[in-house]
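Shown next: start19.cif, containing mmCIF, C-alpha atoms and all ligand atoms.
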data_structure
#
loop_
_atom_site.group_PDB
_atom_site.id
_atom_site.type_symbol
_atom_site.label_atom_id
_atom_site.label_comp_id
_atom_site.auth_asym_id
_atom_site.auth_seq_id
_atom_site.Cartn_x
_atom_site.Cartn_y
_atom_site.Cartn_z
ATOM 1 C CA MET W 1 5.830 -34.138 -22.076
ATOM 2 C CA PHE W 2 7.969 -31.516 -20.450
ATOM 3 C CA LEU W 3 11.468 -30.224 -21.098
ATOM 4 C CA SER W 4 13.515 -28.777 -18.240
ATOM 5 C CA ILE W 5 15.795 -25.760 -18.645
ATOM 6 C CA GLU W 6 18.400 -25.037 -15.968
ATOM 7 C CA LYS W 7 17.166 -21.505 -15.249
ATOM 8 C CA LEU W 8 14.935 -19.832 -12.665
ATOM 9 C CA ILE W 9 11.866 -17.966 -13.911
ATOM 10 C CA SER W 10 12.733 -14.902 -11.801
ATOM 11 C CA ASN W 11 15.823 -13.474 -10.135
ATOM 12 C CA ILE W 12 16.303 -13.863 -6.361
ATOM 13 C CA THR W 13 17.951 -10.746 -4.906
ATOM 14 C CA PRO W 14 20.629 -11.915 -2.427
ATOM 15 C CA ASP W 15 20.100 -10.833 1.188
ATOM 16 C CA ARG W 16 20.629 -11.984 4.780
ATOM 17 C CA LEU W 17 19.655 -15.416 6.124
ATOM 18 C CA ASP W 18 16.182 -15.471 7.635
ATOM 19 C CA PRO W 19 14.709 -18.782 8.903
ATOM 20 C CA ALA W 20 11.499 -17.026 10.058
ATOM 21 C CA ALA W 21 10.892 -15.638 6.553
ATOM 22 C CA ALA W 22 11.663 -19.094 5.122
ATOM 23 C CA LYS W 23 9.017 -20.586 7.398
ATOM 24 C CA ALA W 24 6.415 -18.006 6.309
ATOM 25 C CA LEU W 25 7.228 -18.490 2.621
ATOM 26 C CA GLN W 26 6.401 -22.205 2.931
ATOM 27 C CA GLU W 27 2.732 -21.113 2.623
ATOM 28 C CA ALA W 28 3.429 -20.001 -0.971
ATOM 29 C CA LEU W 29 4.950 -23.427 -1.696
ATOM 30 C CA GLY W 30 2.868 -26.086 0.075
ATOM 31 C CA GLY W 31 -0.146 -24.110 1.328
ATOM 32 C CA GLN W 32 -3.768 -24.484 0.221
ATOM 33 C CA PHE W 33 -3.296 -21.597 -2.228
ATOM 34 C CA GLY W 34 0.403 -22.206 -2.885
ATOM 35 C CA GLU W 35 2.360 -23.019 -6.037
ATOM 36 C CA MET W 36 2.291 -26.825 -5.624
ATOM 37 C CA ARG W 37 -1.509 -26.769 -5.578
ATOM 38 C CA THR W 38 -1.695 -24.360 -8.515
ATOM 39 C CA MET W 39 0.678 -26.522 -10.549
ATOM 40 C CA MET W 40 -1.219 -29.745 -9.832
ATOM 41 C CA GLN W 41 -4.674 -28.210 -10.310
ATOM 42 C CA TYR W 42 -3.873 -26.847 -13.782
ATOM 43 C CA GLN W 43 -2.000 -29.981 -14.825
ATOM 44 C CA PHE W 44 -4.918 -32.242 -13.877
ATOM 45 C CA GLN W 45 -7.338 -29.913 -15.702
ATOM 46 C CA ASN W 46 -4.964 -30.193 -18.681
ATOM 47 C CA PHE W 47 -4.600 -33.996 -18.532
ATOM 48 C CA ASN W 48 -8.375 -34.465 -18.123
ATOM 49 C CA PHE W 49 -9.517 -31.835 -20.626
ATOM 50 C CA ARG W 50 -12.544 -32.877 -22.712
ATOM 51 C CA GLY W 51 -14.160 -31.579 -25.863
ATOM 52 C CA ASN W 52 -13.434 -29.222 -28.725
ATOM 53 C CA ALA W 53 -12.109 -26.109 -26.976
ATOM 54 C CA LYS W 54 -8.364 -26.134 -27.722
ATOM 55 C CA PRO W 55 -7.665 -22.450 -26.855
ATOM 56 C CA PHE W 56 -8.926 -23.097 -23.294
ATOM 57 C CA ARG W 57 -6.813 -26.210 -22.979
ATOM 58 C CA ASP W 58 -3.739 -24.350 -24.278
ATOM 59 C CA LEU W 59 -4.399 -21.645 -21.698
ATOM 60 C CA VAL W 60 -4.522 -24.121 -18.803
ATOM 61 C CA ARG W 61 -1.526 -26.062 -20.144
ATOM 62 C CA GLY W 62 0.597 -22.928 -20.599
ATOM 63 C CA VAL W 63 -0.213 -21.417 -17.208
ATOM 64 C CA GLY W 64 0.160 -24.841 -15.526
ATOM 65 C CA THR W 65 3.632 -25.225 -17.017
ATOM 66 C CA GLU W 66 4.617 -21.765 -15.755
ATOM 67 C CA GLU W 67 3.509 -22.907 -12.286
ATOM 68 C CA ILE W 68 6.163 -25.663 -12.284
ATOM 69 C CA GLY W 69 8.695 -22.835 -12.523
ATOM 70 C CA HIS W 70 6.976 -21.031 -9.623
ATOM 71 C CA VAL W 71 7.333 -24.114 -7.408
ATOM 72 C CA GLU W 72 11.029 -24.179 -8.322
ATOM 73 C CA LEU W 73 11.404 -20.433 -7.631
ATOM 74 C CA VAL W 74 9.807 -20.568 -4.171
ATOM 75 C CA ALA W 75 11.794 -23.680 -3.164
ATOM 76 C CA ASN W 76 15.042 -21.979 -4.229
ATOM 77 C CA THR W 77 14.110 -18.794 -2.347
ATOM 78 C CA ILE W 78 13.430 -20.772 0.843
ATOM 79 C CA ASN W 79 16.831 -22.410 0.362
ATOM 80 C CA MET W 80 18.530 -19.011 -0.019
ATOM 81 C CA LEU W 81 16.921 -17.858 3.247
ATOM 82 C CA LEU W 82 17.979 -21.048 5.051
ATOM 83 C CA ASP W 83 21.286 -22.314 3.714
ATOM 84 C CA GLY W 84 23.897 -21.560 6.364
ATOM 85 C CA ALA W 85 21.254 -20.614 8.927
ATOM 86 C CA SER W 86 22.888 -23.026 11.377
ATOM 87 C CA ALA W 87 25.246 -20.076 11.935
ATOM 88 C CA TYR W 88 22.402 -17.539 11.984
ATOM 89 C CA GLY W 89 22.662 -15.064 14.870
ATOM 90 C CA GLY W 90 19.180 -15.445 16.322
ATOM 91 C CA ILE W 91 18.335 -15.923 19.989
ATOM 92 C CA ALA W 92 20.305 -19.057 20.831
ATOM 93 C CA THR W 93 19.015 -21.158 23.723
ATOM 94 C CA GLN W 94 21.823 -23.731 23.485
ATOM 95 C CA PRO W 95 25.591 -23.268 23.741
ATOM 96 C CA ASP W 96 26.543 -21.894 20.327
ATOM 97 C CA THR W 97 29.403 -24.360 20.131
ATOM 98 C CA LEU W 98 26.883 -26.959 18.955
ATOM 99 C CA PRO W 99 26.766 -27.042 15.124
ATOM 100 C CA LEU W 100 22.947 -27.036 14.917
ATOM 101 C CA ALA W 101 22.111 -25.125 18.106
ATOM 102 C CA ASN W 102 20.251 -22.458 16.145
ATOM 103 C CA ALA W 103 17.679 -25.009 14.986
ATOM 104 C CA LEU W 104 16.171 -24.597 18.473
ATOM 105 C CA ASN W 105 16.037 -20.807 18.609
ATOM 106 C CA GLY W 106 12.319 -20.753 17.847
ATOM 107 C CA ASP W 107 12.317 -18.363 14.851
ATOM 108 C CA GLY W 108 11.990 -21.008 12.187
ATOM 109 C CA ASN W 109 10.612 -24.440 11.404
ATOM 110 C CA ILE W 110 12.732 -27.098 13.122
ATOM 111 C CA HIS W 111 12.026 -29.503 10.227
ATOM 112 C CA HIS W 112 14.005 -27.156 7.976
ATOM 113 C CA PHE W 113 17.075 -28.236 9.987
ATOM 114 C CA LEU W 114 16.079 -31.618 11.383
ATOM 115 C CA VAL W 115 14.427 -33.180 8.319
ATOM 116 C CA ALA W 116 15.533 -31.245 5.249
ATOM 117 C CA GLY W 117 19.152 -30.176 5.985
ATOM 118 C CA GLN W 118 18.404 -26.414 5.659
ATOM 119 C CA SER W 119 16.168 -26.507 2.631
ATOM 120 C CA ALA W 120 12.542 -26.402 1.451
ATOM 121 C CA ARG W 121 9.794 -28.883 2.366
ATOM 122 C CA PRO W 122 6.399 -29.653 0.669
ATOM 123 C CA VAL W 123 4.486 -28.182 3.622
ATOM 124 C CA ASP W 124 2.673 -24.931 4.491
ATOM 125 C CA ALA W 125 3.827 -22.204 6.902
ATOM 126 C CA ALA W 126 2.332 -24.097 9.846
ATOM 127 C CA GLY W 127 4.115 -27.311 8.802
ATOM 128 C CA ASN W 128 1.032 -29.133 7.465
ATOM 129 C CA PRO W 129 1.958 -31.468 4.591
ATOM 130 C CA TRP W 130 0.724 -30.556 1.106
ATOM 131 C CA THR W 131 -2.336 -32.582 0.137
ATOM 132 C CA ALA W 132 -4.024 -33.566 -3.122
ATOM 133 C CA LEU W 133 -7.333 -32.639 -1.452
ATOM 134 C CA TYR W 134 -6.570 -29.013 -2.422
ATOM 135 C CA VAL W 135 -6.719 -29.837 -6.152
ATOM 136 C CA TYR W 136 -9.956 -28.848 -7.954
ATOM 137 C CA ASP W 137 -10.801 -30.366 -11.324
ATOM 138 C CA SER W 138 -14.535 -30.828 -11.777
ATOM 139 C CA GLY W 139 -14.508 -31.714 -15.493
ATOM 140 C CA ASN W 140 -16.733 -28.667 -16.058
ATOM 141 C CA LEU W 141 -14.927 -25.920 -17.988
ATOM 142 C CA VAL W 142 -16.815 -22.951 -16.516
ATOM 143 C CA LEU W 143 -16.468 -24.187 -12.925
ATOM 144 C CA ASN W 144 -12.765 -24.859 -13.464
ATOM 145 C CA MET W 145 -12.187 -21.335 -14.840
ATOM 146 C CA LEU W 146 -14.134 -19.818 -11.918
ATOM 147 C CA TYR W 147 -12.165 -21.812 -9.371
ATOM 148 C CA ASN W 148 -8.846 -21.008 -11.064
ATOM 149 C CA LEU W 149 -9.670 -17.296 -10.871
ATOM 150 C CA MET W 150 -10.443 -17.666 -7.154
ATOM 151 C CA LEU W 151 -7.189 -19.583 -6.642
ATOM 152 C CA GLU W 152 -5.064 -16.865 -8.273
ATOM 153 C CA ALA W 153 -6.918 -14.089 -6.407
ATOM 154 C CA THR W 154 -6.482 -15.795 -3.020
ATOM 155 C CA GLY W 155 -2.853 -16.587 -3.829
ATOM 156 C CA ARG W 156 -2.239 -12.898 -4.508
ATOM 157 C CA LEU W 157 -4.049 -11.873 -1.307
ATOM 158 C CA GLN W 158 -1.776 -14.141 0.750
ATOM 159 C CA LYS W 159 1.376 -13.013 -1.067
ATOM 160 C CA CYS W 160 0.481 -9.364 -0.353
ATOM 161 C CA ARG W 161 0.221 -10.338 3.325
ATOM 162 C CA LEU W 162 3.610 -12.086 3.093
ATOM 163 C CA TYR W 163 5.075 -8.926 1.519
ATOM 164 C CA GLU W 164 4.078 -7.005 4.632
ATOM 165 C CA MET W 165 5.755 -9.535 6.964
ATOM 166 C CA SER W 166 9.392 -9.063 5.925
ATOM 167 C CA ASN W 167 11.563 -6.613 4.008
ATOM 168 C CA ASN W 168 14.198 -9.270 3.314
ATOM 169 C CA LYS W 169 15.186 -8.613 -0.322
ATOM 170 C CA ALA W 170 15.437 -12.309 -1.307
ATOM 171 C CA PHE W 171 11.979 -12.942 0.153
ATOM 172 C CA ARG W 172 10.480 -9.795 -1.381
ATOM 173 C CA SER W 173 11.934 -10.293 -4.869
ATOM 174 C CA THR W 174 10.123 -13.634 -5.164
ATOM 175 C CA VAL W 175 6.923 -12.556 -3.391
ATOM 176 C CA SER W 176 6.694 -9.438 -5.612
ATOM 177 C CA TYR W 177 7.222 -11.480 -8.774
ATOM 178 C CA LEU W 178 4.444 -13.866 -7.711
ATOM 179 C CA ILE W 179 2.071 -10.978 -6.830
ATOM 180 C CA VAL W 180 2.437 -9.716 -10.410
ATOM 181 C CA ARG W 181 2.141 -13.171 -12.018
ATOM 182 C CA ASP W 182 -0.927 -14.015 -9.908
ATOM 183 C CA LEU W 183 -2.518 -10.825 -11.239
ATOM 184 C CA ALA W 184 -1.656 -11.858 -14.817
ATOM 185 C CA HIS W 185 -3.153 -15.317 -14.201
ATOM 186 C CA GLU W 186 -6.284 -13.874 -12.603
ATOM 187 C CA LYS W 187 -6.624 -11.989 -15.906
ATOM 188 C CA VAL W 188 -6.116 -15.184 -17.907
ATOM 189 C CA PHE W 189 -9.124 -16.824 -16.242
ATOM 190 C CA ALA W 190 -11.182 -13.611 -16.155
ATOM 191 C CA LYS W 191 -10.599 -13.247 -19.897
ATOM 192 C CA ALA W 192 -11.489 -16.904 -20.529
ATOM 193 C CA LEU W 193 -14.819 -16.349 -18.765
ATOM 194 C CA GLU W 194 -15.320 -13.023 -20.582
ATOM 195 C CA VAL W 195 -14.956 -14.901 -23.883
ATOM 196 C CA LEU W 196 -17.782 -17.156 -22.652
ATOM 197 C CA GLY W 197 -20.013 -14.136 -22.020
ATOM 198 C CA VAL W 198 -19.260 -12.971 -18.469
ATOM 199 C CA ASN W 199 -19.308 -9.197 -17.895
ATOM 200 C CA TRP W 200 -17.136 -8.498 -14.844
ATOM 201 C CA GLY W 201 -18.111 -4.867 -14.441
ATOM 202 C CA LYS W 202 -15.925 -3.343 -11.741
ATOM 203 C CA VAL W 203 -15.590 -6.396 -9.434
ATOM 204 C CA LEU W 204 -12.080 -7.455 -10.545
ATOM 205 C CA PRO W 205 -9.282 -7.699 -9.712
ATOM 206 C CA VAL W 206 -9.732 -9.285 -6.305
ATOM 207 C CA PRO W 207 -8.129 -8.081 -4.088
ATOM 208 C CA LYS W 208 -7.857 -4.437 -5.183
ATOM 209 C CA ILE W 209 -4.475 -3.359 -3.845
ATOM 210 C CA ASP W 210 -2.666 -0.041 -3.753
ATOM 211 C CA THR W 211 0.827 -1.004 -4.926
ATOM 212 C CA SER W 212 2.312 2.487 -4.382
ATOM 213 C CA GLY W 213 4.033 1.126 -1.237
ATOM 214 C CA MET W 214 5.381 -1.897 -3.133
ATOM 215 C CA PRO W 215 8.257 -0.588 -5.291
ATOM 216 C CA GLU W 216 9.351 -4.099 -6.384
ATOM 217 C CA VAL W 217 5.826 -4.802 -7.689
ATOM 218 C CA ARG W 218 5.644 -1.399 -9.419
ATOM 219 C CA GLU W 219 8.951 -2.061 -11.175
ATOM 220 C CA LEU W 220 7.733 -5.399 -12.598
ATOM 221 C CA GLU W 221 4.433 -3.862 -13.703
ATOM 222 C CA SER W 222 6.313 -1.055 -15.486
ATOM 223 C CA ARG W 223 7.630 -3.865 -17.747
ATOM 224 C CA ASN W 224 4.020 -5.029 -18.447
ATOM 225 C CA LEU W 225 4.624 -8.365 -16.635
ATOM 226 C CA HIS W 226 1.033 -8.172 -15.302
ATOM 227 C CA ASN W 227 -0.374 -8.308 -18.869
ATOM 228 C CA GLN W 228 1.874 -10.982 -20.367
ATOM 229 C CA GLN W 229 1.476 -14.736 -20.687
ATOM 230 C CA TRP W 230 4.050 -17.052 -22.248
ATOM 231 C CA THR W 231 2.764 -20.196 -23.983
ATOM 232 C CA PHE W 232 5.501 -22.408 -22.425
ATOM 233 C CA ALA W 233 5.067 -24.564 -25.542
ATOM 234 C CA LYS W 234 7.243 -25.347 -28.570
ATOM 235 C CA ASP W 235 4.345 -26.432 -30.755
ATOM 236 C CA ASN W 236 1.229 -24.546 -31.840
ATOM 237 C CA SER W 237 -0.611 -22.908 -28.958
ATOM 238 C CA ASP W 238 -3.977 -21.232 -29.483
ATOM 239 C CA MET W 239 -3.649 -19.297 -26.215
ATOM 240 C CA ALA W 240 -3.618 -15.959 -28.075
ATOM 241 C CA LYS W 241 -7.163 -16.634 -29.342
ATOM 242 C CA ILE W 242 -8.267 -15.939 -25.752
ATOM 243 C CA PHE W 243 -5.405 -13.974 -24.155
ATOM 244 C CA SER W 244 -5.245 -10.833 -26.320
ATOM 245 C CA GLY W 245 -7.007 -7.488 -26.544
ATOM 246 C CA PRO W 246 -7.747 -5.127 -23.664
ATOM 247 C CA SER W 247 -7.222 -6.350 -20.085
ATOM 248 C CA PRO W 248 -10.537 -7.175 -18.375
ATOM 249 C CA PHE W 249 -9.245 -5.018 -15.476
ATOM 250 C CA GLY W 250 -8.776 -1.951 -17.707
ATOM 251 C CA ASP W 251 -5.018 -1.733 -17.072
ATOM 252 C CA GLY W 252 -3.472 -2.229 -20.501
ATOM 253 C CA GLU W 253 -3.277 -4.683 -23.409
ATOM 254 C CA LEU W 254 -2.951 -8.450 -22.967
ATOM 255 C CA GLU W 255 0.054 -10.025 -24.652
ATOM 256 C CA THR W 256 0.559 -13.734 -25.462
ATOM 257 C CA ILE W 257 4.253 -14.538 -26.018
ATOM 258 C CA GLU W 258 5.416 -17.751 -27.764
ATOM 259 C CA GLY W 259 7.807 -19.950 -25.789
ATOM 260 C CA LEU W 260 9.240 -19.008 -22.410
ATOM 261 C CA PRO W 261 11.155 -16.164 -20.719
ATOM 262 C CA ASP W 262 14.998 -16.094 -20.705
ATOM 263 C CA GLY W 263 15.314 -17.024 -17.032
ATOM 264 C CA PHE W 264 18.067 -16.551 -14.440
ATOM 265 C CA ALA W 265 20.855 -18.686 -12.993
ATOM 266 C CA ILE W 266 19.823 -21.206 -10.320
ATOM 267 C CA PRO W 267 21.676 -20.596 -7.016
ATOM 268 C CA GLU W 268 23.979 -23.461 -6.020
ATOM 269 C CA LEU W 269 23.843 -24.925 -2.528
ATOM 270 C CA SER W 270 27.189 -25.789 -0.990
ATOM 271 C CA GLU W 271 28.019 -28.754 1.210
ATOM 272 C CA ARG W 272 26.658 -28.517 4.788
ATOM 273 C CA ALA W 273 28.970 -30.555 7.009
ATOM 274 C CA GLU W 274 26.792 -29.918 10.108
ATOM 275 C CA GLU W 275 23.810 -31.529 8.289
ATOM 276 C CA PHE W 276 25.883 -34.400 6.803
ATOM 277 C CA ALA W 277 24.603 -33.212 3.426
ATOM 278 C CA PRO W 278 25.247 -34.373 0.765
ATOM 279 C CA GLY W 279 27.397 -36.651 2.914
ATOM 280 C CA LEU W 280 29.964 -37.674 0.315
ATOM 281 C CA ASP W 281 33.240 -38.936 1.826
ATOM 282 C CA GLN W 282 36.538 -38.965 -0.126
ATOM 283 C CA GLU W 283 35.792 -42.361 -1.659
ATOM 284 C CA LEU W 284 32.297 -41.369 -2.860
ATOM 285 C CA LEU W 285 33.582 -37.992 -4.088
ATOM 286 C CA GLY W 286 36.136 -39.920 -6.145
ATOM 287 C CA GLN W 287 33.341 -41.943 -7.750
ATOM 288 C CA VAL W 288 31.394 -38.732 -8.528
ATOM 289 C CA GLY W 289 34.581 -37.211 -9.992
ATOM 290 C CA LYS W 290 34.913 -40.119 -12.418
ATOM 291 C CA THR W 291 31.413 -39.469 -13.847
ATOM 292 C CA MET W 292 32.326 -35.812 -14.372
ATOM 293 C CA THR W 293 35.465 -36.539 -16.404
ATOM 294 C CA SER W 294 34.101 -39.445 -18.501
ATOM 295 C CA PRO W 295 32.674 -38.544 -21.947
ATOM 296 C CA SER W 296 28.849 -38.659 -21.930
ATOM 297 C CA THR W 297 27.107 -40.263 -24.867
ATOM 298 C CA THR W 298 23.418 -39.426 -25.149
ATOM 299 C CA GLY W 299 20.802 -41.517 -26.914
ATOM 300 C CA THR W 300 20.675 -39.008 -29.787
ATOM 301 C CA GLN W 301 24.431 -39.296 -30.268
ATOM 302 C CA ARG W 302 24.230 -43.104 -30.215
ATOM 303 C CA ALA W 303 21.408 -43.054 -32.779
ATOM 304 C CA SER W 304 23.306 -40.774 -35.160
ATOM 305 C CA ALA W 305 26.509 -42.821 -34.697
ATOM 306 C CA ALA W 306 24.543 -45.949 -35.638
ATOM 307 C CA ARG W 307 23.205 -44.216 -38.777
ATOM 308 C CA ASN W 308 26.749 -43.193 -39.773
ATOM 309 C CA THR W 309 28.121 -46.761 -39.741
HETATM 310 MN MN MN U 1 2.049 -19.329 -9.372
HETATM 311 MN MN MN U 2 -0.613 -18.541 -11.190
#

Give the structure from this file in structure tokens form.
Amino acid sequence: MFLSIEKLISNITPDRLDPAAAKALQEALGGQFGEMRTMMQYQFQNFNFRGNAKPFRDLVRGVGTEEIGHVELVANTINMLLDGASAYGGIATQPDTLPLANALNGDGNIHHFLVAGQSARPVDAAGNPWTALYVYDSGNLVLNMLYNLMLEATGRLQKCRLYEMSNNKAFRSTVSYLIVRDLAHEKVFAKALEVLGVNWGKVLPVPKIDTSGMPEVRELESRNLHNQQWTFAKDNSDMAKIFSGPSPFGDGELETIEGLPDGFAIPELSERAEEFAPGLDQELLGQVGKTMTSPSTTGTQRASAARNT
């Protein structure tokens, strides 16, 4: 099972609205090599894991749980780039007295305004819906590890291309974080295959990138984020039996950390009257208000109250 914590895995640096950047970033959410695919691929490999190889399962389970937080991070970043973009000062083709005129200015994805009310969608940058056909789980451990490595490497390649498309700080803070985590995860699967006898020589990492022009990436790597992996588990994880020792890429020491990172506050989205979202009138707001002032009794509290009587 999974436990949710109301925190984001990385901080989104506030910056200007940018519907075009939001559209591009959809590739990192619902694209073939995006976070939704990564999350589902590792979770299915976890659910379907066979045989006596617990450290490998713990590796896939831990990384797959981190990926849920990546999906959440990218969706929130898209929202930060979009929310309020109905007033964005792009090239308007309609009289700007219309509340949603800017949906037609051609910079962004019209579905961000028309379908989603200025927020993220489970689609790629070209608007194609996410599909389960992306998910690879062959049942074969070596093939799965090979494919996972390829997935992380291609994900990082695309995020480096995204980095070069926009200098928006909100966009770049998330893209940079994911570039560094993709590198860490490429190491996870490279190390898993190394444990099974693979000698990578000088081929990895793929792609080999000069990060001297990427200060946000450099800053995260100075904190060793590219060599760390949290277990994202409360119980015993054997991840460290694989993810420890020298990095297979020769850039430091691998570090398995129990539990999960501290996290950052989740940005709140305000009401958008022009989108009729969330669309609560005074009467419905009154009903919501009642739930917020009434005492909440959880199942645990009810169980302990029953024991005390
Ligand atoms: Mn990811
Ligand atoms: Mn990953």

What residues come out when you apply the PyMOL selection byres (((chain W and resi 206) around 9) and not hetatm) to this file, written as a short mmCIF file (atom, residue, chain, number, x, y, z; two decimals) with C-alpha atoms, in the frame of the given file?
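Written out: expr-v9.cif:
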data_model
loop_
_atom_site.label_atom_id
_atom_site.label_comp_id
_atom_site.auth_asym_id
_atom_site.auth_seq_id
_atom_site.Cartn_x
_atom_site.Cartn_y
_atom_site.Cartn_z
CA MET W 150 -10.44 -17.67 -7.15
CA ALA W 153 -6.92 -14.09 -6.41
CA THR W 154 -6.48 -15.80 -3.02
CA ARG W 156 -2.24 -12.90 -4.51
CA LEU W 157 -4.05 -11.87 -1.31
CA LEU W 183 -2.52 -10.82 -11.24
CA GLU W 186 -6.28 -13.87 -12.60
CA VAL W 203 -15.59 -6.40 -9.43
CA LEU W 204 -12.08 -7.46 -10.54
CA PRO W 205 -9.28 -7.70 -9.71
CA PRO W 207 -8.13 -8.08 -4.09
CA LYS W 208 -7.86 -4.44 -5.18
CA ILE W 209 -4.47 -3.36 -3.84
#

Step by step, measure atom-to-atom distances between ligand MN 1 (chain U) and each residue using all atoms listed in the file, keep those at most 7 Å, then write them as a count of residues only. 7

Write out as a list in words which residues come within 9 Å of Pro129 in chain W when counting all atoms listed in the file, dropping same-chain ones fewer than 4 positions away.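 So the residues in contact are Gly30, Gly31, Arg121, Pro122, Val123 and Asp124 of chain W.
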
Proximity to Ile68 in chain W - best of W:Pro248, W:Gly84, W:Gly34, W:Pro267, all atoms listed in the file: W:Gly34

Can you work out the spacing between CA of Met292 in chain W and CA of Glu274 in chain W in Å, to one decimal?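 Here the two named atoms are 25.8 Å from each other.
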
With distances taken over all atoms listed in the file, which of W:Ala170, W:Met80, W:Ala273, W:Leu141 is nearest to Arg50 in chain W?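 Counting all atoms listed in the file, the residue closest to Arg50 in chain W is W:Leu141.
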
When you draw a straight line from CA of Asn168 in chain W to CA of Leu100 in chain W, how long is it in Å?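 Going from CA of Asn168 in chain W over to CA of Leu100 in chain W, I get 23.0 Å.
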
For CA of Asn199 in chain W and CA of Arg161 in chain W, the interatomic separation in Å (one decimal):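 One can read the CA of Asn199 in chain W to CA of Arg161 in chain W distance as 28.9 Å.
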
Excluding Ile242 in chain W and residues on its chain fewer than 4 positions from it, collect all residues at most 9 Å away from it, counting only C-alpha atoms, and give them as a PyMOL selection string. chain W and resi 55-56+59+188+191-192+195+238

Distance criterion (only C-alpha atoms): nearest to Gly213 in chain W out of W:Val180, W:Gly250, W:Gly286, W:Tyr163: W:Tyr163

Got a sec to check which residues sit within 10 Å of (14.9, -13.0, -3.7), counting only C-alpha atoms, and write them as a ChimeraX atom specification? /W:10-15,73-74,76-78,80-81,168-177

Check the smallest atom-to-atom distance from each of W:Tyr134, W:Gly51, W:Phe189, W:Leu8 to ligand MN 2 (chain U) using only C-alpha atoms and all ligand atoms, then report the winner.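 Smallest distance to ligand MN 2 (chain U) is found for W:Phe189.
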
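Proximity of W:Ser270, W:Gln158, W:Thr291, W:Thr131 to Arg37 in chain W, computed with only C-alpha atoms, is greatest for W:Thr131.
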